[in-house]
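Enquirer: The structure file structure_7.txt (compact mmCIF, C-alpha atoms and all ligand atoms) is provided below.
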```
# COMPACT_ATOMS: atom_id res chain seq x y z
CA MET A 1 16.27 6.85 -40.29
CA PHE A 2 14.62 7.48 -36.90
CA THR A 3 11.48 5.43 -36.29
CA ALA A 4 9.23 6.23 -33.34
CA LEU A 5 8.66 3.46 -30.82
CA GLU A 6 5.20 2.03 -30.44
CA PRO A 7 3.67 2.43 -26.95
CA SER A 8 3.93 -1.34 -26.59
CA GLN A 9 7.70 -1.08 -27.07
CA ARG A 10 8.07 1.43 -24.26
CA PRO A 11 7.71 0.41 -20.61
CA ALA A 12 4.24 0.91 -19.21
CA VAL A 13 3.89 3.52 -16.46
CA VAL A 14 2.79 1.86 -13.20
CA MET A 15 1.06 4.04 -10.57
CA ASP A 16 -0.27 2.73 -7.30
CA CYS A 17 -1.92 5.66 -5.55
CA GLY A 18 -2.53 4.70 -1.94
CA THR A 19 -4.10 6.59 0.93
CA GLY A 20 -0.69 7.53 2.23
CA PHE A 21 1.80 7.05 -0.58
CA THR A 22 1.88 6.85 -4.35
CA LYS A 23 4.33 4.39 -5.76
CA MET A 24 5.19 5.28 -9.37
CA GLY A 25 7.63 4.02 -11.94
CA PHE A 26 8.02 1.83 -14.99
CA ALA A 27 7.06 -1.77 -15.69
CA GLY A 28 10.03 -4.11 -15.65
CA ASN A 29 11.80 -2.29 -12.81
CA VAL A 30 12.10 -3.90 -9.40
CA GLN A 31 11.48 -0.67 -7.51
CA PRO A 32 9.24 2.32 -8.06
CA SER A 33 11.12 5.40 -9.25
CA PHE A 34 9.33 7.53 -6.64
CA ILE A 35 7.44 6.86 -3.41
CA GLU A 36 5.70 10.14 -2.61
CA PRO A 37 2.85 11.04 -0.24
CA THR A 38 -0.43 11.12 -2.17
CA ALA A 39 -0.78 14.79 -1.38
CA VAL A 40 -1.25 17.91 -3.41
CA SER A 41 -0.98 21.58 -2.50
CA PHE A 42 -1.40 24.80 -4.40
CA GLU A 43 0.83 27.79 -4.09
CA SER A 44 2.45 30.48 -6.15
CA SER A 45 5.51 29.29 -8.08
CA ARG A 46 7.64 31.89 -6.30
CA GLY A 47 7.18 30.01 -3.04
CA ARG A 48 8.50 26.72 -4.36
CA SER A 49 11.49 24.93 -2.95
CA LYS A 50 14.76 24.63 -4.85
CA ALA A 51 14.17 20.92 -5.37
CA ALA A 52 10.80 21.61 -6.90
CA VAL A 53 12.19 24.17 -9.25
CA SER A 54 15.16 22.12 -10.31
CA SER A 55 13.02 19.05 -10.98
CA ALA A 56 10.40 21.07 -12.76
CA SER A 57 9.98 20.95 -16.47
CA ALA A 58 9.21 24.02 -18.50
CA SER A 59 5.63 24.02 -17.21
CA ASP A 60 5.02 26.93 -14.87
CA THR A 61 2.73 25.21 -12.45
CA ASP A 62 1.81 26.18 -8.93
CA VAL A 63 0.88 22.67 -7.91
CA LEU A 64 3.09 20.74 -5.52
CA ILE A 65 2.74 17.05 -4.85
CA GLY A 66 4.28 14.44 -2.59
CA HIS A 67 6.88 15.42 -0.02
CA GLU A 68 6.97 18.94 -1.43
CA ALA A 69 3.25 19.35 -0.83
CA VAL A 70 3.44 17.94 2.69
CA SER A 71 6.40 20.08 3.72
CA SER A 72 5.07 23.24 2.09
CA THR A 73 4.46 25.89 4.71
CA ALA A 74 2.67 28.19 2.29
CA SER A 75 -0.52 26.15 1.98
CA ASP A 76 -2.29 23.08 3.31
CA ALA A 77 -1.83 19.71 1.67
CA HIS A 78 -4.90 17.91 0.32
CA TYR A 79 -5.12 14.14 0.28
CA PRO A 80 -7.25 12.99 -2.66
CA VAL A 81 -7.35 9.33 -1.56
CA CYS A 82 -9.20 8.34 1.60
CA HIS A 83 -9.25 4.76 2.92
CA GLY A 84 -7.99 3.61 -0.47
CA LEU A 85 -10.70 5.32 -2.55
CA VAL A 86 -10.29 8.49 -4.61
CA GLN A 87 -12.46 11.18 -2.98
CA ASN A 88 -11.44 14.25 -4.93
CA TRP A 89 -10.97 13.69 -8.65
CA ASP A 90 -9.83 17.21 -9.38
CA HIS A 91 -6.99 16.88 -6.90
CA MET A 92 -6.22 13.40 -8.15
CA GLU A 93 -5.93 14.69 -11.70
CA ARG A 94 -3.62 17.53 -10.60
CA PHE A 95 -1.52 15.00 -8.74
CA TRP A 96 -1.26 12.75 -11.82
CA GLN A 97 -0.31 15.74 -14.00
CA GLU A 98 2.65 16.51 -11.79
CA ALA A 99 3.56 12.87 -11.29
CA VAL A 100 3.66 12.17 -15.01
CA HIS A 101 5.27 15.33 -16.27
CA ARG A 102 7.50 16.51 -13.47
CA TYR A 103 8.46 13.28 -11.71
CA LEU A 104 8.36 10.49 -14.29
CA ARG A 105 8.97 13.03 -17.08
CA VAL A 106 7.17 11.12 -19.81
CA ASP A 107 4.72 11.99 -22.50
CA SER A 108 1.59 10.14 -21.44
CA GLU A 109 0.62 9.61 -25.11
CA ASP A 110 3.63 7.34 -25.53
CA HIS A 111 3.11 4.88 -22.69
CA ASN A 112 0.45 2.44 -21.65
CA PHE A 113 -0.64 3.04 -18.05
CA ILE A 114 -1.32 0.65 -15.20
CA LEU A 115 -3.36 2.05 -12.31
CA THR A 116 -4.43 0.09 -9.26
CA GLU A 117 -7.69 -0.04 -7.37
CA PRO A 118 -8.72 -1.30 -3.95
CA PRO A 119 -11.09 -4.23 -3.60
CA LEU A 120 -14.75 -3.27 -4.07
CA ASN A 121 -13.88 -0.03 -5.85
CA PRO A 122 -17.19 1.27 -7.25
CA PRO A 123 -17.37 0.91 -11.07
CA GLU A 124 -18.02 4.66 -11.31
CA ASN A 125 -14.56 5.30 -9.88
CA ARG A 126 -12.98 3.05 -12.48
CA GLU A 127 -14.87 4.88 -15.22
CA MET A 128 -13.80 8.23 -13.86
CA ALA A 129 -10.16 7.16 -13.82
CA ALA A 130 -10.53 5.95 -17.42
CA GLU A 131 -12.12 9.22 -18.50
CA ILE A 132 -9.27 11.27 -17.07
CA MET A 133 -6.58 8.96 -18.39
CA PHE A 134 -7.97 8.82 -21.94
CA GLU A 135 -9.26 12.37 -22.24
CA THR A 136 -6.78 14.46 -20.28
CA PHE A 137 -3.71 12.30 -20.62
CA ASN A 138 -4.49 10.76 -23.99
CA VAL A 139 -2.95 7.47 -22.95
CA PRO A 140 -2.79 4.81 -25.70
CA GLY A 141 -3.82 2.01 -23.32
CA LEU A 142 -5.00 1.63 -19.73
CA CYS A 143 -5.16 -1.30 -17.38
CA ILE A 144 -6.68 -0.95 -13.91
CA GLY A 145 -5.45 -3.80 -11.75
CA ILE A 146 -6.96 -4.92 -8.48
CA GLN A 147 -4.40 -4.29 -5.74
CA ALA A 148 -4.80 -7.70 -4.12
CA VAL A 149 -4.34 -9.57 -7.37
CA LEU A 150 -1.25 -7.55 -8.17
CA ALA A 151 0.11 -8.30 -4.69
CA LEU A 152 -0.37 -11.99 -5.44
CA HIS A 153 1.62 -11.61 -8.68
CA ALA A 154 4.31 -9.82 -6.72
CA ALA A 155 4.58 -12.52 -4.07
CA PHE A 156 4.94 -15.19 -6.69
CA ALA A 157 7.52 -13.26 -8.69
CA ALA A 158 9.54 -12.30 -5.59
CA ALA A 159 9.43 -15.50 -3.57
CA ASP A 160 11.60 -18.52 -4.04
CA ARG A 161 9.02 -20.66 -2.33
CA GLY A 162 5.38 -20.69 -3.24
CA PRO A 163 2.77 -22.57 -5.17
CA LYS A 164 4.43 -24.09 -8.21
CA SER A 165 1.41 -24.63 -10.44
CA ALA A 166 0.05 -21.83 -12.61
CA ARG A 167 -3.28 -22.31 -10.89
CA GLY A 168 -1.73 -22.07 -7.42
CA ARG A 169 -0.01 -18.82 -8.35
CA MET A 170 -3.28 -16.98 -8.65
CA THR A 171 -4.87 -18.39 -5.52
CA GLY A 172 -4.09 -16.92 -2.14
CA THR A 173 -5.22 -14.65 0.65
CA VAL A 174 -3.76 -11.17 0.53
CA ILE A 175 -3.31 -9.11 3.68
CA ASP A 176 -2.83 -5.55 2.46
CA SER A 177 -2.18 -3.06 5.22
CA GLY A 178 -1.13 0.40 4.18
CA ALA A 179 -1.67 3.83 5.65
CA GLY A 180 -5.45 4.04 5.82
CA CYS A 181 -6.96 0.60 5.67
CA THR A 182 -6.25 -3.07 6.27
CA HIS A 183 -7.90 -5.54 3.93
CA VAL A 184 -7.97 -9.32 3.82
CA ILE A 185 -8.78 -10.42 0.30
CA PRO A 186 -9.15 -14.04 -0.81
CA VAL A 187 -8.34 -14.58 -4.50
CA SER A 188 -9.14 -17.83 -6.24
CA ASP A 189 -7.79 -18.50 -9.74
CA GLY A 190 -7.28 -14.75 -10.24
CA PHE A 191 -10.79 -13.79 -9.15
CA VAL A 192 -11.38 -11.86 -5.96
CA ILE A 193 -14.01 -13.53 -3.78
CA GLY A 194 -15.71 -10.23 -3.03
CA SER A 195 -18.27 -11.53 -0.56
CA ALA A 196 -15.49 -12.85 1.69
CA ILE A 197 -13.37 -9.69 1.92
CA GLN A 198 -12.75 -8.44 5.44
CA SER A 199 -11.43 -5.02 6.30
CA ILE A 200 -10.79 -2.68 9.18
CA PRO A 201 -10.14 1.04 8.87
CA ILE A 202 -7.09 0.70 11.10
CA ALA A 203 -3.65 0.86 9.54
CA GLY A 204 -0.34 2.75 9.49
CA ARG A 205 -1.69 6.18 10.39
CA ASP A 206 -3.41 4.82 13.50
CA LEU A 207 -0.21 3.05 14.51
CA THR A 208 1.72 6.29 14.10
CA LYS A 209 -0.85 8.14 16.20
CA LEU A 210 -0.51 5.56 18.94
CA VAL A 211 3.27 5.98 19.00
CA GLN A 212 2.75 9.75 19.14
CA ARG A 213 0.26 9.47 21.98
CA LEU A 214 2.34 7.10 24.10
CA MET A 215 5.39 9.31 23.74
CA ARG A 216 3.45 12.45 24.57
CA GLU A 217 1.93 10.82 27.67
CA ARG A 218 5.41 9.85 28.85
CA GLY A 219 6.58 13.43 28.33
CA GLU A 220 9.22 12.74 25.69
CA PRO A 221 10.78 16.03 24.51
CA VAL A 222 9.39 16.08 20.97
CA PRO A 223 8.03 19.43 19.72
CA GLY A 224 4.32 19.23 18.87
CA ASP A 225 4.73 20.21 15.22
CA LEU A 226 7.26 17.41 14.67
CA SER A 227 5.56 14.76 16.75
CA MET A 228 3.73 13.00 13.89
CA ASP A 229 6.85 12.84 11.70
CA VAL A 230 9.02 11.66 14.54
CA ALA A 231 6.43 9.06 15.53
CA GLN A 232 6.36 7.76 11.95
CA GLN A 233 10.14 7.50 11.81
CA ILE A 234 10.15 5.66 15.12
CA LYS A 235 7.40 3.30 14.03
CA GLU A 236 9.18 2.41 10.80
CA ARG A 237 12.59 2.03 12.42
CA TYR A 238 12.10 0.45 15.83
CA CYS A 239 8.70 -1.22 16.08
CA TYR A 240 8.26 -4.98 15.91
CA THR A 241 5.57 -7.58 16.46
CA CYS A 242 5.83 -9.47 19.71
CA GLY A 243 4.66 -12.98 20.48
CA ASP A 244 3.14 -12.33 23.90
CA LEU A 245 2.14 -8.93 25.21
CA VAL A 246 2.39 -9.78 28.91
CA LYS A 247 5.87 -11.31 28.54
CA GLU A 248 7.01 -8.33 26.50
CA PHE A 249 5.89 -5.91 29.20
CA GLY A 250 7.77 -8.08 31.71
CA LYS A 251 10.95 -7.87 29.66
CA TYR A 252 10.79 -4.07 29.52
CA ASP A 253 9.97 -3.79 33.21
CA ALA A 254 12.93 -5.99 34.12
CA GLN A 255 15.52 -4.36 31.87
CA LEU A 256 14.25 -1.16 30.30
CA GLU A 257 17.70 0.09 29.33
CA LYS A 258 18.29 -3.07 27.29
CA HIS A 259 15.13 -2.70 25.21
CA ALA A 260 14.66 1.07 24.98
CA LYS A 261 16.18 2.92 22.02
CA SER A 262 17.35 6.45 21.71
CA HIS A 263 16.06 8.22 18.62
CA SER A 264 17.56 11.44 17.38
CA PHE A 265 15.86 13.88 15.06
CA TRP A 266 16.55 17.28 13.60
CA SER A 267 14.67 20.14 15.20
CA PRO A 268 14.55 23.17 12.89
CA ARG A 269 13.42 25.42 15.74
CA ALA A 270 16.33 24.45 17.99
CA GLY A 271 18.63 24.28 14.96
CA ALA A 272 20.12 21.10 16.40
CA GLN A 273 19.71 17.34 16.74
CA GLN A 274 17.45 16.34 19.62
CA ALA A 275 16.92 12.93 21.19
CA CYS A 276 14.01 11.04 22.69
CA SER A 277 13.60 7.61 24.19
CA VAL A 278 11.58 4.87 22.48
CA GLN A 279 10.10 2.35 24.85
CA HIS A 280 6.95 0.20 25.03
CA GLU A 281 5.56 1.72 21.82
CA ARG A 282 8.06 -0.49 20.01
CA PHE A 283 5.72 -3.46 20.41
CA LEU A 284 2.46 -1.74 21.41
CA ALA A 285 1.96 0.06 18.09
CA PRO A 286 2.01 -3.02 15.82
CA GLU A 287 -0.11 -4.79 18.43
CA LEU A 288 -2.97 -2.54 17.35
CA LEU A 289 -3.57 -4.79 14.34
CA PHE A 290 -3.87 -7.75 16.69
CA ARG A 291 -5.83 -5.83 19.33
CA PRO A 292 -7.79 -3.14 17.47
CA ASP A 293 -9.98 -2.76 20.56
CA PHE A 294 -7.10 -0.71 22.05
CA VAL A 295 -8.32 2.23 20.00
CA SER A 296 -11.69 1.31 18.55
CA ALA A 297 -15.00 0.29 20.02
CA ASP A 298 -16.38 -0.58 16.57
CA TYR A 299 -13.58 -2.73 15.18
CA THR A 300 -12.44 -5.25 17.70
CA THR A 301 -11.55 -8.38 15.71
CA PRO A 302 -7.83 -9.24 15.61
CA LEU A 303 -6.29 -9.44 12.15
CA PRO A 304 -5.53 -13.20 12.24
CA GLN A 305 -9.16 -13.82 13.11
CA LEU A 306 -10.23 -11.69 10.15
CA VAL A 307 -7.99 -13.82 7.93
CA ASP A 308 -9.57 -16.98 9.26
CA ARG A 309 -13.05 -15.54 8.88
CA ALA A 310 -12.38 -14.44 5.30
CA ILE A 311 -11.17 -17.90 4.29
CA GLN A 312 -13.97 -19.66 6.14
CA SER A 313 -16.53 -17.66 4.17
CA CYS A 314 -15.08 -18.88 0.84
CA PRO A 315 -16.24 -22.02 -0.98
CA ILE A 316 -14.94 -25.09 0.81
CA ASP A 317 -12.86 -26.36 -2.13
CA THR A 318 -10.82 -23.14 -2.25
CA ARG A 319 -9.91 -22.98 1.43
CA ARG A 320 -6.81 -25.21 1.43
CA GLY A 321 -5.22 -23.06 -1.29
CA LEU A 322 -6.16 -19.88 0.54
CA TYR A 323 -4.63 -20.99 3.87
CA GLY A 324 -1.56 -22.30 2.07
CA ASN A 325 -0.67 -19.01 0.41
CA ILE A 326 -1.26 -16.03 2.68
CA VAL A 327 0.56 -13.09 1.13
CA LEU A 328 1.62 -9.84 2.79
CA SER A 329 1.45 -6.47 1.09
CA GLY A 330 1.84 -2.83 2.14
CA GLY A 331 3.97 -0.78 4.50
CA SER A 332 2.17 -1.80 7.68
CA THR A 333 3.07 -5.47 7.20
CA MET A 334 6.78 -4.60 7.40
CA PHE A 335 7.23 -5.05 11.13
CA LYS A 336 9.72 -7.66 12.19
CA ASP A 337 8.00 -11.00 12.89
CA PHE A 338 4.64 -9.76 11.57
CA GLY A 339 4.31 -12.77 9.22
CA ARG A 340 5.32 -15.21 11.97
CA ARG A 341 2.64 -13.87 14.32
CA ILE A 342 -0.05 -14.11 11.64
CA GLN A 343 1.07 -17.63 10.78
CA ARG A 344 1.01 -18.71 14.43
CA ASP A 345 -2.38 -17.18 15.24
CA VAL A 346 -4.11 -18.37 12.06
CA SER A 347 -2.65 -21.87 12.57
CA ARG A 348 -4.07 -21.89 16.10
CA ALA A 349 -7.53 -21.06 14.82
CA VAL A 350 -7.29 -23.74 12.13
CA ASP A 351 -5.90 -26.37 14.50
CA ALA A 352 -8.66 -25.71 17.02
CA ARG A 353 -11.20 -26.71 14.37
CA GLN A 354 -9.28 -29.74 13.17
CA ALA A 355 -11.27 -32.96 13.52
CA PRO A 356 -9.29 -35.83 15.10
CA GLY A 357 -7.75 -37.96 12.34
CA GLY A 358 -8.63 -35.41 9.63
CA LYS A 359 -6.10 -34.17 7.05
CA ALA A 360 -4.19 -31.21 8.51
CA VAL A 361 -4.56 -27.85 6.78
CA GLU A 362 -1.24 -26.15 6.13
CA VAL A 363 -1.05 -22.45 6.88
CA HIS A 364 1.75 -20.62 5.10
CA VAL A 365 2.40 -16.89 5.26
CA ALA A 366 4.73 -15.55 2.59
CA SER A 367 6.98 -12.60 3.39
CA HIS A 368 9.12 -11.25 0.57
CA ALA A 369 11.53 -8.48 -0.31
CA MET A 370 9.02 -6.43 -2.33
CA GLN A 371 6.35 -6.44 0.35
CA ARG A 372 6.59 -2.69 1.07
CA TYR A 373 5.37 -1.89 -2.44
CA ALA A 374 4.02 -5.29 -3.46
CA VAL A 375 1.06 -3.87 -5.38
CA TRP A 376 3.32 -1.65 -7.46
CA PHE A 377 5.76 -4.49 -8.07
CA GLY A 378 2.90 -6.75 -9.16
CA GLY A 379 1.93 -4.06 -11.69
CA SER A 380 5.53 -3.87 -12.84
CA VAL A 381 5.58 -7.64 -13.43
CA LEU A 382 2.21 -7.58 -15.15
CA GLY A 383 3.35 -4.83 -17.52
CA THR A 384 6.14 -7.02 -18.88
CA MET A 385 3.99 -10.08 -19.53
CA PRO A 386 3.25 -10.83 -23.18
CA GLN A 387 -0.45 -10.98 -22.30
CA PHE A 388 -0.44 -7.45 -20.90
CA GLU A 389 -1.48 -5.87 -24.20
CA GLY A 390 -4.63 -7.99 -24.16
CA LEU A 391 -5.56 -6.66 -20.72
CA CYS A 392 -5.18 -3.01 -21.73
CA LYS A 393 -8.18 -1.05 -22.88
CA THR A 394 -7.12 0.94 -25.91
CA ARG A 395 -7.84 4.53 -26.85
CA ALA A 396 -9.70 3.24 -29.95
CA GLU A 397 -11.97 1.16 -27.70
CA TYR A 398 -12.52 4.14 -25.43
CA GLU A 399 -13.42 6.36 -28.36
CA GLU A 400 -15.87 3.78 -29.64
CA TYR A 401 -17.56 2.71 -26.40
CA GLY A 402 -16.72 5.36 -23.79
CA PRO A 403 -15.66 4.93 -20.15
CA SER A 404 -17.89 1.87 -19.69
CA ILE A 405 -15.11 -0.28 -21.20
CA CYS A 406 -13.45 0.00 -17.79
CA ARG A 407 -16.58 -0.84 -15.88
CA ASN A 408 -15.39 -4.34 -15.15
CA SER A 409 -11.95 -4.87 -13.77
CA ALA A 410 -9.54 -7.19 -15.51
CA ALA A 411 -9.25 -10.65 -14.02
CA PHE A 412 -5.82 -12.17 -14.29
CA THR A 413 -6.55 -15.84 -14.53
CA ASP A 414 -4.14 -18.74 -14.77
CA GLU A 415 -4.65 -18.85 -18.54
CA LEU A 416 -2.47 -15.77 -18.64
CA LEU A 417 0.48 -17.47 -17.06
N1 LIG B 501 9.36 -0.34 7.45
C1 LIG B 501 8.13 -0.03 7.84
N2 LIG B 501 7.64 -0.51 9.00
C2 LIG B 501 6.39 -0.19 9.40
N3 LIG B 501 5.55 0.62 8.73
C3 LIG B 501 5.99 1.12 7.57
C4 LIG B 501 7.29 0.83 7.05
N4 LIG B 501 7.44 1.49 5.88
C5 LIG B 501 6.28 2.15 5.67
N5 LIG B 501 5.43 1.95 6.68
C6 LIG B 501 4.08 2.52 6.86
O1 LIG B 501 3.24 2.01 5.84
C7 LIG B 501 2.24 2.98 5.51
C8 LIG B 501 2.23 3.18 4.01
O2 LIG B 501 2.08 1.94 3.39
P1 LIG B 501 1.53 1.82 1.89
O3 LIG B 501 2.37 2.64 0.98
O4 LIG B 501 1.39 0.38 1.60
O5 LIG B 501 0.11 2.48 2.08
P2 LIG B 501 -0.87 3.12 1.00
O6 LIG B 501 -0.87 2.26 -0.21
O7 LIG B 501 -0.50 4.53 0.84
O8 LIG B 501 -2.24 3.07 1.79
P3 LIG B 501 -3.56 2.18 1.55
O9 LIG B 501 -3.11 0.89 0.94
O10 LIG B 501 -4.11 2.03 2.94
O11 LIG B 501 -4.43 2.98 0.67
C9 LIG B 501 2.60 4.25 6.26
O12 LIG B 501 1.76 4.35 7.40
C10 LIG B 501 4.05 4.03 6.67
O13 LIG B 501 4.38 4.69 7.88
MG MG B 502 -1.93 0.55 -0.84
```
Render the structure in this file as structure tokens.
Ligand SMILES: Nc1ncnc2c1ncn2[C@@H]1O[C@H](COP(=O)(O)OP(=O)(O)OP(=O)(O)O)[C@@H](O)[C@H]1O
Ligand SMILES: [Mg+2]
Expert:
Amino acid sequence: MFTALEPSQRPAVVMDCGTGFTKMGFAGNVQPSFIEPTAVSFESSRGRSKAAVSSASASDTDVLIGHEAVSSTASDAHYPVCHGLVQNWDHMERFWQEAVHRYLRVDSEDHNFILTEPPLNPPENREMAAEIMFETFNVPGLCIGIQAVLALHAAFAAADRGPKSARGRMTGTVIDSGAGCTHVIPVSDGFVIGSAIQSIPIAGRDLTKLVQRLMRERGEPVPGDLSMDVAQQIKERYCYTCGDLVKEFGKYDAQLEKHAKSHSFWSPRAGAQQACSVQHERFLAPELLFRPDFVSADYTTPLPQLVDRAIQSCPIDTRRGLYGNIVLSGGSTMFKDFGRRIQRDVSRAVDARQAPGGKAVEVHVASHAMQRYAVWFGGSVLGTMPQFEGLCKTRAEYEEYGPSICRNSAAFTDELL
């Protein structure tokens, strides 16, 4: 006889909706099933692409999300998340509808859900997410995880080197740099030290814009309507973090042909492949995180200094653990040698303070294979832990107490491990 599975027996749905991209999939998997722009657009179903129609379920919706929304020529795409925070709940809900039913193709009543939130997310936002999830999606259980804490889980699960003790696993400093924002978040024993968080509103999009600007100023033959896309491809494929800006300029000046790359892209207007040259932007774009004053008069502190400042504003007995486990998360930490540069610059700041004869403080920056979608992967790991059920707020609790059950975010302490 057929017996229905309990929600706890099915994999939880994990959704990390970032400013730029939503990573969505199922707990227990190593990769998200979809990485789609967090974008939504509205158009008549007749205007939809073949891919949209073929992946569509029976629902006759005129909402497009992700790449389909961004590439739609019929209407403008809306971005419901801004600098990590949901700004338009109606658009967010429409996005989730499509994500759940048309992409993940699940019945939301059958799966527990894990959503993620940025540090210092207002409690009202958490309540709003809970209201939509329980009332519109009828989810059986919901867990809203703090992105930094999930990134810490991810680093531990993915790395072969890291703090061995259960306590050490949940202590570390997370550098999360995505599309819209760069945060430095110290976490001690699973609790975010909120007062010490540092952030700058400079991240992947600004880096892309810098690549675009430098190429335009040089007169590279990239059509205006493609320039942002091409700049993003170039940034992701050819950019790297350098050790010394002056030396790097010298290298390019001496032997440009050795360091420049040729990038080819498809131009729909020309109906052919076109090529452009990639030069100093290869190292200048990532440098923005180390020299934000290149583009901003308001945010001028280099990222390694923000890391040092964040840790220095934490209680003294936590600092060793925080320097010893600096964890990278998000697409904009993916540049070659990014971790090495952070490690070197933070170590310099620490060493400069070191009293003669005092015990040296070890700085360790952990890079790992899941870094691009570390927050999502942390959610995936969390969803398979036996303790996960205890962290979920249930529909019964929601019906009894209302959205305020999600007012406080779950803390994943070492007792869970
Ligand atoms: N290999 C790569 N190298 C450099 N940048 C990359 C790479 N892959 C993705 N990115 C950039 O990372 C950014 C997206 O990262 P991520 O998905 O972590 O951001 P998000 O979660 O959407 O945003 P946020 O965390 O700011 O809300 C984009 O700007 C993208 O261009
Ligand atoms: Mg993110």
Enquirer: Range 146-158 of chain A: which residues within 9 Å, counting all atoms listed in the file, same-chain residues fewer than 6 positions away excluded, as a ChimeraX atom specification?
Expert: /A:16,115-119,121,169-176,183-187,190-192,327-330,366-371,373-382,409-412
Enquirer: Set the cut-off to 6 Å, count all atoms listed in the file, and list whatever residues fall near ligand LIG 501 (chain B) as a list in words.
Expert: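 Checking all atoms listed in the file against ligand LIG 501 (chain B) at 6 Å gives Gly18, Thr19, Gly20, Phe21, His83, Gly84, Ser177, Gly178, Ala179, Gly180, Cys181, Gly204, Arg205, Gln232, Lys235, Glu236, Gly330, Gly331, Ser332, Met334 and Phe335 of chain A.
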Enquirer: Write out as an MDAnalysis selection string each polymer residue whose atoms come within 7 Å of range 61-68 of chain A, counting only C-alpha atoms; drop sequence neighbours fewer than 5 positions from it.
Expert: chainID A and resid 36:45 95 98
Enquirer: CA of Glu220 in chain A to CA of Gly250 in chain A: how many Å, to one decimal?
Expert: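 Separating CA of Glu220 in chain A from CA of Gly250 in chain A is a distance of 21.7 Å.
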Enquirer: So that I can see what lies close to range 300-309 of chain A, please list as a list of chain:residue names the residues with an atom at most 7 Å from it, counting all atoms listed in the file and leaving out residues fewer than 3 positions away in the same chain.
Expert: A:Val184, A:Gln198, A:Leu289, A:Phe290, A:Arg291, A:Pro292, A:Asp293, A:Ser296, A:Ala297, A:Gln312, A:Ser313, A:Ile342, A:Asp345, A:Val346
Enquirer: Pick out the residues sitting within 10 Å of Ile114 in chain A, and hand them over as an NGL selection string; count all atoms listed in the file, and ignore anything fewer than 2 positions along from it in its own chain.
Expert: :A and (12-16 or 24 or 26-27 or 111-112 or 116 or 141-145 or 376 or 379-380 or 382-383 or 388 or 392)
Enquirer: Give me, please, the distance in Å between CA of Glu389 in chain A and CA of Arg10 in chain A, quoted to one decimal.
Expert: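 Computed distance, CA of Glu389 in chain A to CA of Arg10 in chain A, equals 12.0 Å.
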Enquirer: Rounded to one decimal, what separation in Å do you get between CA of Pro223 in chain A and CA of Ser277 in chain A?
Expert: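 So the answer is 13.8 Å.
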Enquirer: Identify which of the residues A:Val81, A:Val70, A:Leu120, A:Ile197 lies closest to ligand MG 502 (chain B), counting only C-alpha atoms and all ligand atoms when measuring atom-to-atom distances.
Expert: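 Comparing A:Val81, A:Val70, A:Leu120, A:Ile197 against ligand MG 502 (chain B), the winner is A:Val81.
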